[in-house]
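So this one's work.csv, CSV, C-alpha atoms and all ligand atoms:
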```csv
chain,number,residue,atom,x,y,z
A,1,MET,CA,17.4,32.9,15.5
A,2,ILE,CA,16.8,30.9,12.4
A,3,VAL,CA,13.9,31.6,10.0
A,4,ASP,CA,12.6,28.9,7.7
A,5,LEU,CA,10.2,29.6,4.8
A,6,ARG,CA,8.1,26.8,3.3
A,7,ASN,CA,5.6,27.3,0.5
A,8,TYR,CA,2.3,25.5,0.5
A,9,ARG,CA,-0.6,25.1,-1.9
A,10,LEU,CA,-4.0,24.0,-0.5
A,11,GLY,CA,-6.9,22.8,-2.6
A,12,LEU,CA,-10.4,24.3,-2.0
A,13,VAL,CA,-13.6,22.2,-1.6
A,14,SER,CA,-15.1,24.5,-4.3
A,15,ASN,CA,-13.9,27.6,-6.0
A,16,LEU,CA,-14.3,30.7,-3.9
A,17,SER,CA,-16.1,33.4,-5.8
A,18,THR,CA,-15.9,36.8,-4.2
A,19,ALA,CA,-16.9,40.2,-5.5
A,20,HIS,CA,-13.3,40.5,-6.6
A,21,GLY,CA,-13.0,37.3,-8.7
A,22,VAL,CA,-12.7,33.6,-8.4
A,23,VAL,CA,-10.0,31.8,-6.2
A,24,HIS,CA,-9.1,28.3,-7.2
A,25,GLN,CA,-6.6,27.3,-4.5
A,26,ARG,CA,-5.0,28.8,-1.4
A,27,GLU,CA,-1.3,29.4,-1.6
A,28,GLY,CA,1.0,30.8,1.1
A,29,ILE,CA,4.2,30.5,3.0
A,30,LEU,CA,4.6,29.0,6.4
A,31,VAL,CA,7.2,31.0,8.4
A,32,SER,CA,9.0,29.3,11.3
A,33,VAL,CA,11.4,30.9,13.7
A,34,THR,CA,13.5,29.0,16.1
A,35,ASP,CA,15.8,30.0,18.9
A,36,GLY,CA,17.3,26.5,19.0
A,37,GLU,CA,14.9,25.4,21.7
A,38,TYR,CA,11.4,26.6,20.7
A,39,VAL,CA,9.8,27.0,17.3
A,40,GLY,CA,7.2,29.7,16.5
A,41,TRP,CA,4.9,29.5,13.5
A,42,GLY,CA,3.3,32.1,11.2
A,43,ASP,CA,1.3,32.1,8.0
A,44,ALA,CA,1.9,34.5,5.1
A,45,ALA,CA,-0.8,34.1,2.5
A,46,PRO,CA,-2.0,37.0,0.3
A,47,MET,CA,-5.5,36.4,-1.1
A,48,PRO,CA,-5.5,37.0,-4.8
A,49,GLY,CA,-8.1,39.7,-5.7
A,50,TRP,CA,-8.1,40.9,-2.0
A,51,SER,CA,-4.5,41.6,-1.1
A,52,THR,CA,-2.5,44.1,-2.9
A,53,SER,CA,0.7,42.1,-2.6
A,54,SER,CA,1.5,39.1,-4.7
A,55,LEU,CA,2.8,35.8,-3.3
A,56,GLU,CA,6.1,36.5,-5.2
A,57,LEU,CA,6.5,39.8,-3.4
A,58,VAL,CA,5.6,38.3,0.0
A,59,SER,CA,8.1,35.5,-0.6
A,60,ALA,CA,10.9,37.9,-1.7
A,61,SER,CA,10.2,40.3,1.2
A,62,LEU,CA,10.3,37.4,3.7
A,63,ALA,CA,13.6,36.1,2.3
A,64,VAL,CA,15.2,39.6,2.8
A,65,ALA,CA,13.7,39.9,6.3
A,66,ALA,CA,15.0,36.4,7.3
A,67,ALA,CA,18.5,37.4,6.2
A,68,ASN,CA,18.2,40.7,8.2
A,69,LEU,CA,16.5,39.5,11.4
A,70,GLU,CA,19.8,39.4,13.4
A,71,THR,CA,20.3,43.1,12.8
A,72,GLY,CA,17.1,43.8,14.8
A,73,ILE,CA,13.5,42.5,15.1
A,74,ASP,CA,11.8,45.9,15.2
A,75,ALA,CA,13.6,47.3,12.2
A,76,THR,CA,13.0,44.1,10.3
A,77,LEU,CA,9.3,44.2,11.0
A,78,ASP,CA,9.1,47.9,10.2
A,79,ALA,CA,10.7,47.2,6.8
A,80,LEU,CA,7.8,44.8,6.1
A,81,GLU,CA,5.0,47.2,6.8
A,82,ALA,CA,4.3,47.8,3.1
A,83,VAL,CA,3.8,44.0,2.6
A,84,PRO,CA,1.4,43.3,5.5
A,85,GLU,CA,0.9,39.6,4.7
A,86,ALA,CA,4.7,39.0,4.9
A,87,ARG,CA,4.8,41.0,8.1
A,88,ALA,CA,1.9,38.9,9.5
A,89,GLY,CA,3.9,35.7,8.8
A,90,LEU,CA,7.0,36.9,10.5
A,91,ALA,CA,5.4,38.8,13.4
A,92,GLY,CA,3.1,35.9,13.9
A,93,ALA,CA,6.0,33.4,14.2
A,94,LEU,CA,7.8,35.7,16.6
A,95,ALA,CA,4.8,36.2,18.8
A,96,ASP,CA,4.2,32.4,18.8
A,97,LEU,CA,7.8,31.8,19.7
A,98,THR,CA,7.7,34.4,22.6
A,99,ALA,CA,4.5,32.9,24.0
A,100,ARG,CA,6.0,29.4,23.8
A,101,ARG,CA,9.1,30.6,25.7
A,102,ARG,CA,6.8,32.1,28.4
A,103,GLY,CA,4.8,28.9,28.6
A,104,LEU,CA,1.6,30.8,27.8
A,105,SER,CA,-1.0,30.5,25.0
A,106,LEU,CA,-0.7,33.3,22.4
A,107,SER,CA,-4.1,34.7,23.5
A,108,ARG,CA,-3.0,35.0,27.2
A,109,SER,CA,0.3,36.4,26.1
A,110,LEU,CA,-1.6,39.1,24.2
A,111,ASP,CA,-4.2,39.7,27.0
A,112,PRO,CA,-4.1,37.8,30.4
A,113,GLY,CA,-7.9,37.9,30.5
A,114,ALA,CA,-8.4,36.2,27.1
A,115,SER,CA,-11.4,33.9,26.8
A,116,ALA,CA,-11.1,30.1,26.5
A,117,SER,CA,-13.4,29.9,23.4
A,118,VAL,CA,-15.0,32.3,20.9
A,119,ALA,CA,-18.3,32.2,19.1
A,120,VAL,CA,-17.9,31.8,15.3
A,121,ASN,CA,-20.2,32.8,12.5
A,122,GLY,CA,-21.5,30.5,9.7
A,123,LEU,CA,-20.8,31.8,6.2
A,124,VAL,CA,-23.6,31.6,3.6
A,125,SER,CA,-23.0,32.5,0.0
A,126,ALA,CA,-25.2,30.2,-2.1
A,127,SER,CA,-27.1,32.3,-4.7
A,128,ASP,CA,-30.2,30.2,-4.7
A,129,PRO,CA,-32.5,31.2,-1.8
A,130,ALA,CA,-33.5,27.7,-0.9
A,131,GLU,CA,-29.9,26.5,-0.9
A,132,ALA,CA,-28.8,29.5,1.2
A,133,ALA,CA,-31.6,28.7,3.7
A,134,ALA,CA,-30.5,25.1,3.8
A,135,ASP,CA,-26.8,26.1,4.4
A,136,ALA,CA,-27.8,28.5,7.2
A,137,ARG,CA,-30.0,25.8,8.8
A,138,ARG,CA,-27.1,23.3,8.6
A,139,ALA,CA,-24.8,25.8,10.4
A,140,PHE,CA,-27.6,26.4,13.0
A,141,ASP,CA,-27.9,22.7,13.7
A,142,THR,CA,-24.2,22.5,14.6
A,143,GLY,CA,-24.8,25.2,17.3
A,144,ILE,CA,-23.8,28.3,15.3
A,145,ARG,CA,-26.0,31.3,16.3
A,146,THR,CA,-24.6,33.9,13.9
A,147,ILE,CA,-25.0,33.8,10.2
A,148,LYS,CA,-23.1,36.0,7.7
A,149,LEU,CA,-24.8,36.2,4.3
A,150,LYS,CA,-22.8,37.3,1.3
A,151,VAL,CA,-24.9,39.8,-0.7
A,152,ALA,CA,-24.5,42.1,-3.8
A,153,ALA,CA,-23.2,39.4,-6.1
A,154,GLY,CA,-26.7,39.1,-7.7
A,155,SER,CA,-29.7,41.3,-8.2
A,156,PRO,CA,-31.3,43.3,-5.3
A,157,THR,CA,-34.5,41.2,-5.6
A,158,LEU,CA,-32.6,38.0,-5.3
A,159,ASP,CA,-30.7,39.2,-2.2
A,160,LEU,CA,-34.0,40.2,-0.6
A,161,GLU,CA,-35.4,36.7,-1.2
A,162,ARG,CA,-32.2,35.1,0.0
A,163,ALA,CA,-32.0,37.1,3.2
A,164,ALA,CA,-35.7,36.4,3.9
A,165,ALA,CA,-35.2,32.7,3.3
A,166,VAL,CA,-32.2,32.6,5.6
A,167,ARG,CA,-34.0,34.5,8.4
A,168,ASP,CA,-37.0,32.2,8.0
A,169,ALA,CA,-34.7,29.1,8.2
A,170,VAL,CA,-32.9,30.0,11.4
A,171,GLY,CA,-35.6,31.9,13.3
A,172,PRO,CA,-35.7,35.2,15.1
A,173,ASP,CA,-33.0,34.6,17.7
A,174,VAL,CA,-30.0,34.1,15.4
A,175,GLU,CA,-27.8,37.1,14.6
A,176,LEU,CA,-27.9,37.8,10.9
A,177,ARG,CA,-25.2,40.0,9.3
A,178,LEU,CA,-24.4,40.8,5.7
A,179,ASP,CA,-21.3,41.3,3.6
A,180,ALA,CA,-21.6,43.2,0.4
A,181,ASN,CA,-17.9,43.2,-0.4
A,182,GLY,CA,-18.2,46.8,-1.6
A,183,GLY,CA,-20.6,45.7,-4.4
A,184,TRP,CA,-23.3,48.4,-4.0
A,185,THR,CA,-23.4,52.2,-4.7
A,186,VAL,CA,-24.4,54.5,-1.8
A,187,PRO,CA,-28.0,54.9,-3.1
A,188,VAL,CA,-28.4,51.2,-3.7
A,189,ALA,CA,-26.9,50.4,-0.3
A,190,LEU,CA,-29.4,52.7,1.4
A,191,GLN,CA,-32.3,51.2,-0.5
A,192,MET,CA,-31.2,47.7,0.2
A,193,LEU,CA,-30.5,48.2,3.9
A,194,ASP,CA,-33.8,50.0,4.3
A,195,ALA,CA,-35.6,47.0,2.7
A,196,LEU,CA,-33.6,44.5,4.7
A,197,ALA,CA,-33.8,46.2,8.1
A,198,PRO,CA,-37.1,44.5,9.1
A,199,LEU,CA,-35.1,41.2,9.0
A,200,HIS,CA,-33.1,42.5,12.0
A,201,ILE,CA,-29.7,42.7,10.4
A,202,SER,CA,-27.0,43.3,13.0
A,203,PHE,CA,-24.6,45.0,10.6
A,204,CYS,CA,-23.5,45.1,6.9
A,205,GLU,CA,-19.8,44.8,6.0
A,206,GLU,CA,-18.6,46.9,3.1
A,207,PRO,CA,-21.9,48.0,1.7
A,208,VAL,CA,-19.8,50.2,-0.7
A,209,ASP,CA,-16.1,50.2,-1.4
A,210,SER,CA,-14.6,53.2,0.5
A,211,ILE,CA,-14.4,54.4,4.1
A,212,ALA,CA,-16.1,57.7,3.1
A,213,GLY,CA,-18.9,55.9,1.3
A,214,ILE,CA,-19.4,53.4,4.2
A,215,ALA,CA,-19.5,56.3,6.6
A,216,GLU,CA,-22.1,58.0,4.4
A,217,VAL,CA,-24.2,54.8,4.4
A,218,GLY,CA,-23.8,54.4,8.2
A,219,ALA,CA,-25.0,58.0,8.8
A,220,ALA,CA,-28.2,57.5,6.9
A,221,SER,CA,-29.1,53.8,7.4
A,222,ALA,CA,-31.0,52.0,10.1
A,223,VAL,CA,-28.6,49.1,9.7
A,224,PRO,CA,-25.1,49.5,11.3
A,225,VAL,CA,-22.2,49.3,8.9
A,226,ALA,CA,-18.7,47.8,9.0
A,227,THR,CA,-15.5,48.2,7.2
A,228,ASP,CA,-13.5,45.2,6.0
A,229,GLU,CA,-11.3,45.6,2.9
A,230,SER,CA,-11.6,49.4,2.9
A,231,ALA,CA,-9.7,49.5,6.2
A,232,ARG,CA,-6.5,47.5,5.7
A,233,SER,CA,-4.0,49.2,8.1
A,234,VAL,CA,-4.1,50.6,11.6
A,235,ASP,CA,-4.2,54.1,10.1
A,236,ASP,CA,-7.2,53.1,7.9
A,237,VAL,CA,-9.0,51.7,11.0
A,238,ALA,CA,-8.4,55.0,12.8
A,239,GLU,CA,-9.8,56.9,9.9
A,240,ALA,CA,-12.9,54.6,9.7
A,241,ILE,CA,-13.9,54.9,13.4
A,242,GLY,CA,-13.0,58.6,13.4
A,243,THR,CA,-16.0,59.1,11.1
A,244,GLY,CA,-18.3,58.3,14.0
A,245,THR,CA,-20.8,56.5,11.8
A,246,ILE,CA,-19.1,53.1,11.4
A,247,ASP,CA,-20.0,50.8,14.3
A,248,VAL,CA,-18.0,47.7,13.4
A,249,VAL,CA,-14.5,47.1,12.1
A,250,VAL,CA,-13.4,43.8,10.7
A,251,VAL,CA,-9.8,43.0,11.6
A,252,LYS,CA,-7.9,40.3,9.7
A,253,PRO,CA,-4.6,39.6,11.6
A,254,SER,CA,-3.2,37.9,8.4
A,255,ALA,CA,-4.0,41.0,6.3
A,256,ILE,CA,-3.2,43.9,8.7
A,257,GLY,CA,0.3,42.6,9.5
A,258,GLY,CA,0.2,40.2,12.4
A,259,PRO,CA,-1.2,39.8,15.9
A,260,ASP,CA,0.5,42.9,17.4
A,261,LEU,CA,-0.9,45.2,14.8
A,262,ALA,CA,-4.3,43.5,15.0
A,263,MET,CA,-4.4,44.1,18.7
A,264,GLN,CA,-3.5,47.8,18.1
A,265,ALA,CA,-6.4,48.1,15.8
A,266,ILE,CA,-8.7,46.3,18.2
A,267,ARG,CA,-7.8,48.5,21.1
A,268,LEU,CA,-8.3,51.6,19.0
A,269,VAL,CA,-11.8,50.4,17.8
A,270,ARG,CA,-12.8,49.6,21.4
A,271,GLU,CA,-11.6,53.0,22.7
A,272,PHE,CA,-14.1,54.6,20.3
A,273,GLY,CA,-16.9,52.4,21.5
A,274,ALA,CA,-17.1,50.5,18.2
A,275,THR,CA,-16.8,46.7,17.8
A,276,PRO,CA,-13.9,44.9,16.3
A,277,ILE,CA,-14.6,41.5,14.7
A,278,VAL,CA,-11.7,39.2,13.9
A,279,THR,CA,-11.7,37.1,10.7
A,280,THR,CA,-9.4,34.9,8.7
A,281,MET,CA,-8.7,35.4,5.0
A,282,VAL,CA,-9.4,31.6,4.4
A,283,ASP,CA,-6.0,31.0,6.1
A,284,SER,CA,-4.2,27.7,6.7
A,285,ALA,CA,-4.6,26.1,10.2
A,286,VAL,CA,-1.7,28.2,11.4
A,287,GLY,CA,-3.4,31.5,10.2
A,288,VAL,CA,-6.7,30.4,11.7
A,289,ALA,CA,-5.0,29.7,15.0
A,290,HIS,CA,-3.4,33.2,15.0
A,291,ALA,CA,-6.8,34.8,14.3
A,292,LEU,CA,-8.4,32.7,17.0
A,293,HIS,CA,-5.9,33.8,19.7
A,294,VAL,CA,-6.4,37.4,18.6
A,295,ALA,CA,-10.2,37.0,18.8
A,296,ALA,CA,-9.9,35.4,22.2
A,297,ALA,CA,-7.8,38.4,23.4
A,298,SER,CA,-10.1,41.0,21.9
A,299,GLY,CA,-12.7,40.9,24.7
A,300,VAL,CA,-15.5,40.8,22.0
A,301,GLU,CA,-18.4,38.4,22.7
A,302,MET,CA,-19.9,38.7,19.2
A,303,ALA,CA,-19.1,35.9,16.8
A,304,HIS,CA,-15.9,36.1,14.8
A,305,GLY,CA,-15.2,34.8,11.2
A,306,LEU,CA,-13.0,31.9,12.0
A,307,ALA,CA,-14.9,28.9,10.7
A,308,THR,CA,-13.2,28.8,7.3
A,309,SER,CA,-11.1,25.6,7.5
A,310,ALA,CA,-14.0,23.6,6.0
A,311,LEU,CA,-13.5,25.5,2.8
A,312,LEU,CA,-10.1,23.8,2.4
A,313,ARG,CA,-9.6,20.3,1.0
A,314,ASP,CA,-6.3,19.9,2.8
A,315,ASP,CA,-4.4,21.9,5.3
A,316,VAL,CA,-0.9,22.4,6.9
A,317,GLY,CA,-2.1,21.1,10.3
A,318,GLU,CA,-5.3,20.7,12.3
A,319,SER,CA,-7.4,23.9,13.0
A,320,PRO,CA,-8.8,24.2,16.6
A,321,PRO,CA,-12.1,22.4,17.0
A,322,ILE,CA,-15.5,24.2,16.8
A,323,ILE,CA,-17.9,22.8,19.5
A,324,ASP,CA,-21.5,24.1,19.7
A,325,GLY,CA,-20.7,27.2,17.6
A,326,ARG,CA,-17.6,28.1,19.6
A,327,MET,CA,-14.0,27.6,18.5
A,328,VAL,CA,-11.9,26.3,21.4
A,329,VAL,CA,-8.6,28.1,22.1
A,330,PRO,CA,-5.8,25.5,22.6
A,331,ASP,CA,-4.5,26.0,26.1
A,332,GLY,CA,-1.0,24.8,25.4
A,333,PRO,CA,1.9,27.2,24.8
A,334,GLY,CA,1.8,29.5,21.8
A,335,ILE,CA,-0.8,29.1,19.1
A,336,GLY,CA,-1.2,25.4,20.0
A,337,VAL,CA,-1.1,24.4,16.4
A,338,GLY,CA,2.1,23.2,14.7
A,339,PRO,CA,2.2,21.9,11.1
A,340,LEU,CA,2.5,18.2,11.0
B,1,MG,MG,-15.9,40.9,4.6
```
Please render this file's structure as structure tokens.
Amino acid sequence: MIVDLRNYRLGLVSNLSTAHGVVHQREGILVSVTDGEYVGWGDAAPMPGWSTSSLELVSASLAVAAANLETGIDATLDALEAVPEARAGLAGALADLTARRRGLSLSRSLDPGASASVAVNGLVSASDPAEAAADARRAFDTGIRTIKLKVAAGSPTLDLERAAAVRDAVGPDVELRLDANGGWTVPVALQMLDALAPLHISFCEEPVDSIAGIAEVGAASAVPVATDESARSVDDVAEAIGTGTIDVVVVKPSAIGGPDLAMQAIRLVREFGATPIVTTMVDSAVGVAHALHVAAASGVEMAHGLATSALLRDDVGESPPIIDGRMVVPDGPGIGVGPL
């Protein structure tokens, strides 16, 4: 098998400000693996401020893995476990290749009962309440029925106004979830969620920045809580759901180490009766396609965080279409997306 690594740099429609800093562009590495007949594609793209690995480390780790692949796939993937974004790129490309060889879509290769489309959420992060409401309404008008509102970047009063404005704009039947990116303390999170509960919040991602803290909030709050960046590995996910007070776990295939590890985490979460939600890390079209196939194989009907391609000014290929609030799973072999 031959591995090829190709760096890319994608412009963003506007700078992404997260609770962890500002991102100006999206950089990553496209990984392709060929057996001479088929080609599988993967995306390795650490997010600055979110990932603990740098692009340089991911690149160097992939170069070593590419040189060692012939000595054994399992050992090569195991050696990448400390650099999960690199593992995601190679494991993703290998999973895509295997599915293409079998003539199956990646989702059906992960689970024969995978769905043909998945609901996606709209992401609202505008700080001005009227602007946030308009963004939510625009998403609603395209058929989206779940809105995720970023909170904790401004004052509590502003967040209360923003959430109320968004709820008002989309009406009572839309699922409204929050993401605080770990920006609150436990007492503030409890106060905020108590104040926001009348708006019927389905759950809040990362109200505080640790598994123990999120579990503490979950035990005392009327609003269910979710881990995202606090639970980065399958072991972390096991710890999070083991607390018994965390109801939702966000799983990012590109951050946890690829589709196989994402499916492991998803099965674990479901066994505990909790809900896994699959999201991208503002990935390229290849990464989005991987996340889509994992989401389709997850068996979870709630909306997943896949509608992120519009944040990119250019891309490595074409992301699967979103029709009436649902991303349609390509039914061709593999991920159904190949870089152009
Ligand atoms: Mg999140």
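Between atom CA of A:Thr308 and atom CA of A:Ala119 the interatomic distance comes to 13.3 Å.
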Using all atoms listed in the file, which protein or nucleic acid residues come within 12 Å of A:Leu261? Drop anything in the same chain fewer than 3 positions from it, and give the result as a CSV table (one decimal) with C-alpha atoms, in the frame of the given file.
```
chain,number,residue,atom,x,y,z
A,77,LEU,CA,9.3,44.2,11.0
A,78,ASP,CA,9.1,47.9,10.2
A,81,GLU,CA,5.0,47.2,6.8
A,84,PRO,CA,1.4,43.3,5.5
A,85,GLU,CA,0.9,39.6,4.7
A,87,ARG,CA,4.8,41.0,8.1
A,88,ALA,CA,1.9,38.9,9.5
A,91,ALA,CA,5.4,38.8,13.4
A,92,GLY,CA,3.1,35.9,13.9
A,95,ALA,CA,4.8,36.2,18.8
A,110,LEU,CA,-1.6,39.1,24.2
A,232,ARG,CA,-6.5,47.5,5.7
A,233,SER,CA,-4.0,49.2,8.1
A,234,VAL,CA,-4.1,50.6,11.6
A,235,ASP,CA,-4.2,54.1,10.1
A,237,VAL,CA,-9.0,51.7,11.0
A,251,VAL,CA,-9.8,43.0,11.6
A,252,LYS,CA,-7.9,40.3,9.7
A,253,PRO,CA,-4.6,39.6,11.6
A,254,SER,CA,-3.2,37.9,8.4
A,255,ALA,CA,-4.0,41.0,6.3
A,256,ILE,CA,-3.2,43.9,8.7
A,257,GLY,CA,0.3,42.6,9.5
A,258,GLY,CA,0.2,40.2,12.4
A,264,GLN,CA,-3.5,47.8,18.1
A,265,ALA,CA,-6.4,48.1,15.8
A,266,ILE,CA,-8.7,46.3,18.2
A,267,ARG,CA,-7.8,48.5,21.1
A,268,LEU,CA,-8.3,51.6,19.0
A,291,ALA,CA,-6.8,34.8,14.3
A,294,VAL,CA,-6.4,37.4,18.6
```
At a cut-off of 8 Å from (-3.6, 34.6, 0.9) in the coordinates of the file, what residues are picked up using all atoms listed in the file, written as a short mmCIF file (atom, residue, chain, number, x, y, z; two decimals) with C-alpha atoms, in the frame of the given file?
```
data_model
loop_
_atom_site.label_atom_id
_atom_site.label_comp_id
_atom_site.auth_asym_id
_atom_site.auth_seq_id
_atom_site.Cartn_x
_atom_site.Cartn_y
_atom_site.Cartn_z
CA ARG A 26 -5.00 28.80 -1.40
CA GLU A 27 -1.30 29.40 -1.60
CA GLY A 28 1.00 30.80 1.10
CA ALA A 44 1.90 34.50 5.10
CA ALA A 45 -0.80 34.10 2.50
CA PRO A 46 -2.00 37.00 0.30
CA MET A 47 -5.50 36.40 -1.10
CA PRO A 48 -5.50 37.00 -4.80
CA SER A 51 -4.50 41.60 -1.10
CA LEU A 55 2.80 35.80 -3.30
CA GLU A 85 0.90 39.60 4.70
CA MET A 281 -8.70 35.40 5.00
CA VAL A 282 -9.40 31.60 4.40
CA ASP A 283 -6.00 31.00 6.10
#
```
Pick out the residues no farther than 8 Å from ligand MG 1 (chain B), counting all atoms listed in the file, and list them as an mmCIF file with C-alpha atoms, keeping the file's coordinate frame.
```
data_model
loop_
_atom_site.group_PDB
_atom_site.id
_atom_site.type_symbol
_atom_site.label_atom_id
_atom_site.label_comp_id
_atom_site.auth_asym_id
_atom_site.auth_seq_id
_atom_site.Cartn_x
_atom_site.Cartn_y
_atom_site.Cartn_z
ATOM 1 C CA ASP A 179 -21.300 41.300 3.600
ATOM 2 C CA ALA A 180 -21.600 43.200 0.400
ATOM 3 C CA ASN A 181 -17.900 43.200 -0.400
ATOM 4 C CA GLU A 205 -19.800 44.800 6.000
ATOM 5 C CA GLU A 206 -18.600 46.900 3.100
ATOM 6 C CA THR A 227 -15.500 48.200 7.200
ATOM 7 C CA ASP A 228 -13.500 45.200 6.000
ATOM 8 C CA GLU A 229 -11.300 45.600 2.900
ATOM 9 C CA VAL A 250 -13.400 43.800 10.700
#
```
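Within 10 Å of A:Asn15, once only C-alpha atoms are used and residues closer than 5 positions along the same chain are dropped, the contacting residues are Val22, Val23, His24, Gln25, Leu311 and Leu312 of chain A.
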